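Worksheet: the structure to be examined is printed underneath.
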Amino acid sequence: MNMNAIDWSVFWPPVRLSLQVALLSSVIAVVVGVAVAWKMSRTTFRGKIFLETILMLPLVLPPTVVGFLLLVILGRRSLLGRWIEAIFSAPVIFSWWAAVIAAVVVAFPLVYQTMKSGFNGVDRDLEDAGRSIGANEWQVFRYITLPLAGRALMTAFILGFARALGEFGATLMIAGNIPGKTQTVPTAIYVAVDSGNQTMAWAWTISIVIISFLMLLMTRQQRDSKASF
């Protein structure tokens, strides 16, 4: 690959946007995933398996199906879409926020499952000990449960970030591929290959491979350190 043939003014915007979308969406997915996983791991109710199956659906559904469903839910013809447009004076579809929403949806199952496993691994006796000395549920969660599930939290964030970074199908459906506005690295690679620009396609591919490799390496290190501990 000829580095001199790379148009850096074209190369960097999708990379920056992908990192911004992945960072914000992974933070949102972790916050929501931690809350839901903690509640689901500590309660039993009728229909729990059915609800968990719905929560995990984005993990197995084709991304285009997820994107189509989001398009129906958030589109300008939907009640929610019209409500959002009335509040912000702009539709959420074909904006970078649409890319964030798509990334949150597809990353959430990984975050949820990781955090649920982490919470299930926390010794309940330690939580009960905290309650016995007067701690309320929030204090038990904040000072006992969450710190003990810290490695799972880090792993969940990294996996969510990596999944959001590579999202393509759902993002293309609801955010489009607008250069400088909604074009992420995966969609930029698709356009570059389609137009025969192999140099830019390779540049973006190498960049996302490096970032994804570093994320997964951090995950493996987290798991190995947990195992050795």
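Residues are named by chain letter and number: chains run A, B, ... in the order of the structure tokens, numbers start at 1 in each chain, and ligands are numbered from 1 in the order shown.
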Legend entry - Long-range neighbours of Ser26 in chain A as a VMD selection string, 7 Å cut-off, only C-alpha atoms, 2 positions minimum in chain: chain A and resid 22 to 24 28 to 30 104 157 160 to 161 164
### Task
Tell me which protein, DNA and RNA residues are within 8 Å of Leu110 in chain A, counting only C-alpha atoms, leaving out same-chain ones fewer than 2 positions away, and put them as a ChimeraX atom specification.
/A:59,107-108,112-114,156,159-160
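Omitting Leu17 in chain A and its sequence neighbours fewer than 3 positions away, and counting only C-alpha atoms, the residues within 9 Å are Trp12, Pro13, Pro14, Gln20, Val21, Ala22, Trp96, Gly180, Lys181, Thr182, Gln183, Thr184 and Val185 of chain A.
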Could you turn the residues from that selection into a file that holds C-alpha atoms, as a PDB file, in the first residue's frame?
```
ATOM      1  CA  TRP A  12      -9.542  10.692   9.175  1.00  0.00           C
ATOM      2  CA  PRO A  13     -13.241  11.792   9.361  1.00  0.00           C
ATOM      3  CA  PRO A  14     -14.657   8.210   9.317  1.00  0.00           C
ATOM      4  CA  GLN A  20     -16.750   8.821  18.841  1.00  0.00           C
ATOM      5  CA  VAL A  21     -19.739   6.581  18.097  1.00  0.00           C
ATOM      6  CA  ALA A  22     -18.072   3.506  19.614  1.00  0.00           C
ATOM      7  CA  TRP A  96     -24.686  10.563  13.806  1.00  0.00           C
ATOM      8  CA  GLY A 180     -18.247  13.824   7.136  1.00  0.00           C
ATOM      9  CA  LYS A 181     -21.568  13.330   8.927  1.00  0.00           C
ATOM     10  CA  THR A 182     -22.554   9.682   9.321  1.00  0.00           C
ATOM     11  CA  GLN A 183     -19.883   7.762   7.408  1.00  0.00           C
ATOM     12  CA  THR A 184     -18.079   5.357   9.725  1.00  0.00           C
ATOM     13  CA  VAL A 185     -15.074   3.194   8.888  1.00  0.00           C
TER      14      VAL A 185
END
```
Residue with the minimum atom-to-atom distance to Glu127 in chain A, picked from A:Leu61, A:Leu146, A:Ile6, A:Met115 with only C-alpha atoms counted, is A:Leu146
* Run DSSP on the backbone and grab whatever in range 72-190 of chain A lands in helix (DSSP H, G or I); send it over as a PyMOL selection string. => chain A and resi 72-74+79-88+96-120+124-132+137-148+150-165+169-174+185-190
>> What's around range 42-57 of chain A at 12 Å? Count only C-alpha atoms, leave out sequence neighbours fewer than 2 positions away in its own chain, and write the answer as an NGL selection string.
In response: :A and (32-33 or 35-40 or 59-63 or 65-66 or 105-114 or 116-117 or 119-122 or 124 or 127 or 137 or 141 or 145)
Can you list, as a tab-separated table (two decimals) with N, CA, C and O atoms, in the first residue's frame, every protein, DNA or RNA residue that comes within 8 Å of Thr219 in chain A when you count only C-alpha atoms, leaving out same-chain residues fewer than 2 positions away?
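To be explicit, this is the file written out as out-v3.tsv:
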```tsv
chain	number	residue	atom	x	y	z
A	154	MET	N	-15.02	-4.05	33.04
A	154	MET	CA	-14.03	-3.65	32.05
A	154	MET	C	-14.16	-4.48	30.78
A	154	MET	O	-14.10	-3.95	29.66
A	155	THR	N	-14.36	-5.78	30.93
A	155	THR	CA	-14.53	-6.65	29.78
A	155	THR	C	-15.77	-6.27	28.98
A	155	THR	O	-15.75	-6.24	27.75
A	158	ILE	N	-15.07	-3.12	26.92
A	158	ILE	CA	-14.20	-3.38	25.77
A	158	ILE	C	-14.94	-4.13	24.68
A	158	ILE	O	-14.85	-3.79	23.49
A	159	LEU	N	-15.71	-5.15	25.06
A	159	LEU	CA	-16.48	-5.90	24.07
A	159	LEU	C	-17.54	-5.02	23.41
A	159	LEU	O	-17.77	-5.11	22.20
A	215	MET	N	-8.34	-3.80	21.41
A	215	MET	CA	-9.48	-3.99	22.31
A	215	MET	C	-9.57	-5.45	22.78
A	215	MET	O	-9.76	-5.73	23.97
A	216	LEU	N	-9.45	-6.37	21.85
A	216	LEU	CA	-9.52	-7.79	22.20
A	216	LEU	C	-8.33	-8.22	23.05
A	216	LEU	O	-8.46	-9.07	23.94
A	217	LEU	N	-7.17	-7.65	22.78
A	217	LEU	CA	-5.98	-7.96	23.59
A	217	LEU	C	-6.20	-7.53	25.03
A	217	LEU	O	-5.83	-8.26	25.96
A	221	GLN	N	-6.26	-9.96	28.36
A	221	GLN	CA	-5.43	-9.67	29.52
A	221	GLN	C	-6.28	-9.61	30.78
A	221	GLN	O	-5.86	-10.06	31.85
A	222	GLN	N	-7.48	-9.02	30.64
A	222	GLN	CA	-8.40	-8.98	31.78
A	222	GLN	C	-8.77	-10.39	32.25
A	222	GLN	O	-8.77	-10.70	33.43
A	223	ARG	N	-9.09	-11.25	31.29
A	223	ARG	CA	-9.50	-12.62	31.62
A	223	ARG	C	-8.34	-13.41	32.22
A	223	ARG	O	-8.51	-14.16	33.18
```
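Atom pair CA of Leu153 in chain A / CA of Val34 in chain A has a distance of 8.0 Å (rounded to one decimal).
Pairwise distance (CA of Ile174 in chain A, CA of Ala99 in chain A) equals 7.2 Å.
Excluding Tyr190 in chain A itself and same-chain residues fewer than 3 positions from it, the residues having an atom within 12 Å of it are Phe168, Gly169, Leu172, Asn177, Gln183, Thr184, Val185, Pro186, Thr187, Val193, Asp194, Ser195, Gly196, Asn197, Gln198, Met200, Ala201, Trp202, Trp204 and Thr205 of chain A, counting only C-alpha atoms.
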Write a file of the just-selected residues containing N, CA, C and O atoms, as a PDB file, in the first residue's frame.
```
ATOM      1  N   PHE A 168     -22.076  -2.259  11.011  1.00  0.00           N
ATOM      2  CA  PHE A 168     -22.236  -1.830   9.623  1.00  0.00           C
ATOM      3  C   PHE A 168     -23.698  -1.815   9.169  1.00  0.00           C
ATOM      4  O   PHE A 168     -24.232  -0.781   8.790  1.00  0.00           O
ATOM      5  N   GLY A 169     -24.355  -2.973   9.230  1.00  0.00           N
ATOM      6  CA  GLY A 169     -25.678  -3.115   8.631  1.00  0.00           C
ATOM      7  C   GLY A 169     -26.725  -2.199   9.214  1.00  0.00           C
ATOM      8  O   GLY A 169     -27.406  -1.450   8.486  1.00  0.00           O
ATOM      9  N   LEU A 172     -25.927   1.525   8.544  1.00  0.00           N
ATOM     10  CA  LEU A 172     -26.206   1.928   7.175  1.00  0.00           C
ATOM     11  C   LEU A 172     -27.698   2.140   6.950  1.00  0.00           C
ATOM     12  O   LEU A 172     -28.104   3.037   6.206  1.00  0.00           O
ATOM     13  N   ASN A 177     -24.832   6.840   4.843  1.00  0.00           N
ATOM     14  CA  ASN A 177     -23.392   6.872   4.589  1.00  0.00           C
ATOM     15  C   ASN A 177     -23.021   8.242   4.052  1.00  0.00           C
ATOM     16  O   ASN A 177     -22.559   8.396   2.926  1.00  0.00           O
ATOM     17  N   GLN A 183     -20.710   8.822   7.983  1.00  0.00           N
ATOM     18  CA  GLN A 183     -19.883   7.762   7.408  1.00  0.00           C
ATOM     19  C   GLN A 183     -18.874   7.250   8.420  1.00  0.00           C
ATOM     20  O   GLN A 183     -17.976   7.971   8.839  1.00  0.00           O
ATOM     21  N   THR A 184     -19.021   5.998   8.817  1.00  0.00           N
ATOM     22  CA  THR A 184     -18.079   5.357   9.725  1.00  0.00           C
ATOM     23  C   THR A 184     -17.073   4.538   8.919  1.00  0.00           C
ATOM     24  O   THR A 184     -17.196   4.424   7.694  1.00  0.00           O
ATOM     25  N   VAL A 185     -16.100   3.964   9.590  1.00  0.00           N
ATOM     26  CA  VAL A 185     -15.074   3.194   8.888  1.00  0.00           C
ATOM     27  C   VAL A 185     -15.661   2.004   8.123  1.00  0.00           C
ATOM     28  O   VAL A 185     -15.308   1.794   6.950  1.00  0.00           O
ATOM     29  N   PRO A 186     -16.545   1.180   8.725  1.00  0.00           N
ATOM     30  CA  PRO A 186     -17.098   0.050   7.958  1.00  0.00           C
ATOM     31  C   PRO A 186     -17.833   0.481   6.692  1.00  0.00           C
ATOM     32  O   PRO A 186     -17.675  -0.150   5.640  1.00  0.00           O
ATOM     33  N   THR A 187     -18.646   1.551   6.776  1.00  0.00           N
ATOM     34  CA  THR A 187     -19.355   2.010   5.578  1.00  0.00           C
ATOM     35  C   THR A 187     -18.394   2.650   4.579  1.00  0.00           C
ATOM     36  O   THR A 187     -18.582   2.533   3.365  1.00  0.00           O
ATOM     37  N   VAL A 193     -14.342  -0.008  -1.611  1.00  0.00           N
ATOM     38  CA  VAL A 193     -14.234  -1.249  -2.383  1.00  0.00           C
ATOM     39  C   VAL A 193     -15.156  -1.190  -3.600  1.00  0.00           C
ATOM     40  O   VAL A 193     -14.775  -1.591  -4.709  1.00  0.00           O
ATOM     41  N   ASP A 194     -16.362  -0.682  -3.393  1.00  0.00           N
ATOM     42  CA  ASP A 194     -17.339  -0.604  -4.481  1.00  0.00           C
ATOM     43  C   ASP A 194     -16.873   0.314  -5.598  1.00  0.00           C
ATOM     44  O   ASP A 194     -17.182   0.082  -6.774  1.00  0.00           O
ATOM     45  N   SER A 195     -16.126   1.366  -5.233  1.00  0.00           N
ATOM     46  CA  SER A 195     -15.640   2.319  -6.235  1.00  0.00           C
ATOM     47  C   SER A 195     -14.259   1.956  -6.773  1.00  0.00           C
ATOM     48  O   SER A 195     -13.719   2.664  -7.629  1.00  0.00           O
ATOM     49  N   GLY A 196     -13.667   0.874  -6.263  1.00  0.00           N
ATOM     50  CA  GLY A 196     -12.371   0.422  -6.753  1.00  0.00           C
ATOM     51  C   GLY A 196     -11.179   1.122  -6.137  1.00  0.00           C
ATOM     52  O   GLY A 196     -10.053   0.981  -6.627  1.00  0.00           O
ATOM     53  N   ASN A 197     -11.409   1.860  -5.044  1.00  0.00           N
ATOM     54  CA  ASN A 197     -10.308   2.567  -4.377  1.00  0.00           C
ATOM     55  C   ASN A 197      -9.682   1.631  -3.340  1.00  0.00           C
ATOM     56  O   ASN A 197      -9.969   1.702  -2.143  1.00  0.00           O
ATOM     57  N   GLN A 198      -8.811   0.751  -3.796  1.00  0.00           N
ATOM     58  CA  GLN A 198      -8.207  -0.249  -2.928  1.00  0.00           C
ATOM     59  C   GLN A 198      -7.288   0.361  -1.871  1.00  0.00           C
ATOM     60  O   GLN A 198      -7.182  -0.161  -0.757  1.00  0.00           O
ATOM     61  N   MET A 200      -7.542   3.293  -0.199  1.00  0.00           N
ATOM     62  CA  MET A 200      -8.300   3.784   0.942  1.00  0.00           C
ATOM     63  C   MET A 200      -8.972   2.633   1.690  1.00  0.00           C
ATOM     64  O   MET A 200      -9.067   2.653   2.923  1.00  0.00           O
ATOM     65  N   ALA A 201      -9.419   1.633   0.938  1.00  0.00           N
ATOM     66  CA  ALA A 201     -10.042   0.473   1.580  1.00  0.00           C
ATOM     67  C   ALA A 201      -9.045  -0.227   2.501  1.00  0.00           C
ATOM     68  O   ALA A 201      -9.388  -0.598   3.643  1.00  0.00           O
ATOM     69  N   TRP A 202      -7.818  -0.402   2.018  1.00  0.00           N
ATOM     70  CA  TRP A 202      -6.786  -1.030   2.842  1.00  0.00           C
ATOM     71  C   TRP A 202      -6.433  -0.160   4.052  1.00  0.00           C
ATOM     72  O   TRP A 202      -6.216  -0.673   5.162  1.00  0.00           O
ATOM     73  N   TRP A 204      -8.303   2.024   5.708  1.00  0.00           N
ATOM     74  CA  TRP A 204      -9.358   1.939   6.721  1.00  0.00           C
ATOM     75  C   TRP A 204      -9.417   0.551   7.349  1.00  0.00           C
ATOM     76  O   TRP A 204      -9.657   0.416   8.539  1.00  0.00           O
ATOM     77  N   THR A 205      -9.200  -0.473   6.533  1.00  0.00           N
ATOM     78  CA  THR A 205      -9.220  -1.840   7.062  1.00  0.00           C
ATOM     79  C   THR A 205      -8.115  -2.044   8.084  1.00  0.00           C
ATOM     80  O   THR A 205      -8.353  -2.609   9.171  1.00  0.00           O
TER      81      THR A 205
END
```
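Minimum atom-to-atom distances from A:Leu148, A:Ala170, A:Ala175, A:Asp7 to Phe68 in chain A were compared using only C-alpha atoms, and the lowest value belongs to A:Ala170.
Closest approach to Ile178 in chain A among A:Ile101, A:Trp8, A:Leu126, A:Phe94 is made by A:Phe94 (distances from only C-alpha atoms).
Proximity ranking of A:Ile87, A:Ile73, A:Leu79, A:Ala103 relative to Pro58 in chain A places A:Ala103 first, based on only C-alpha atoms.
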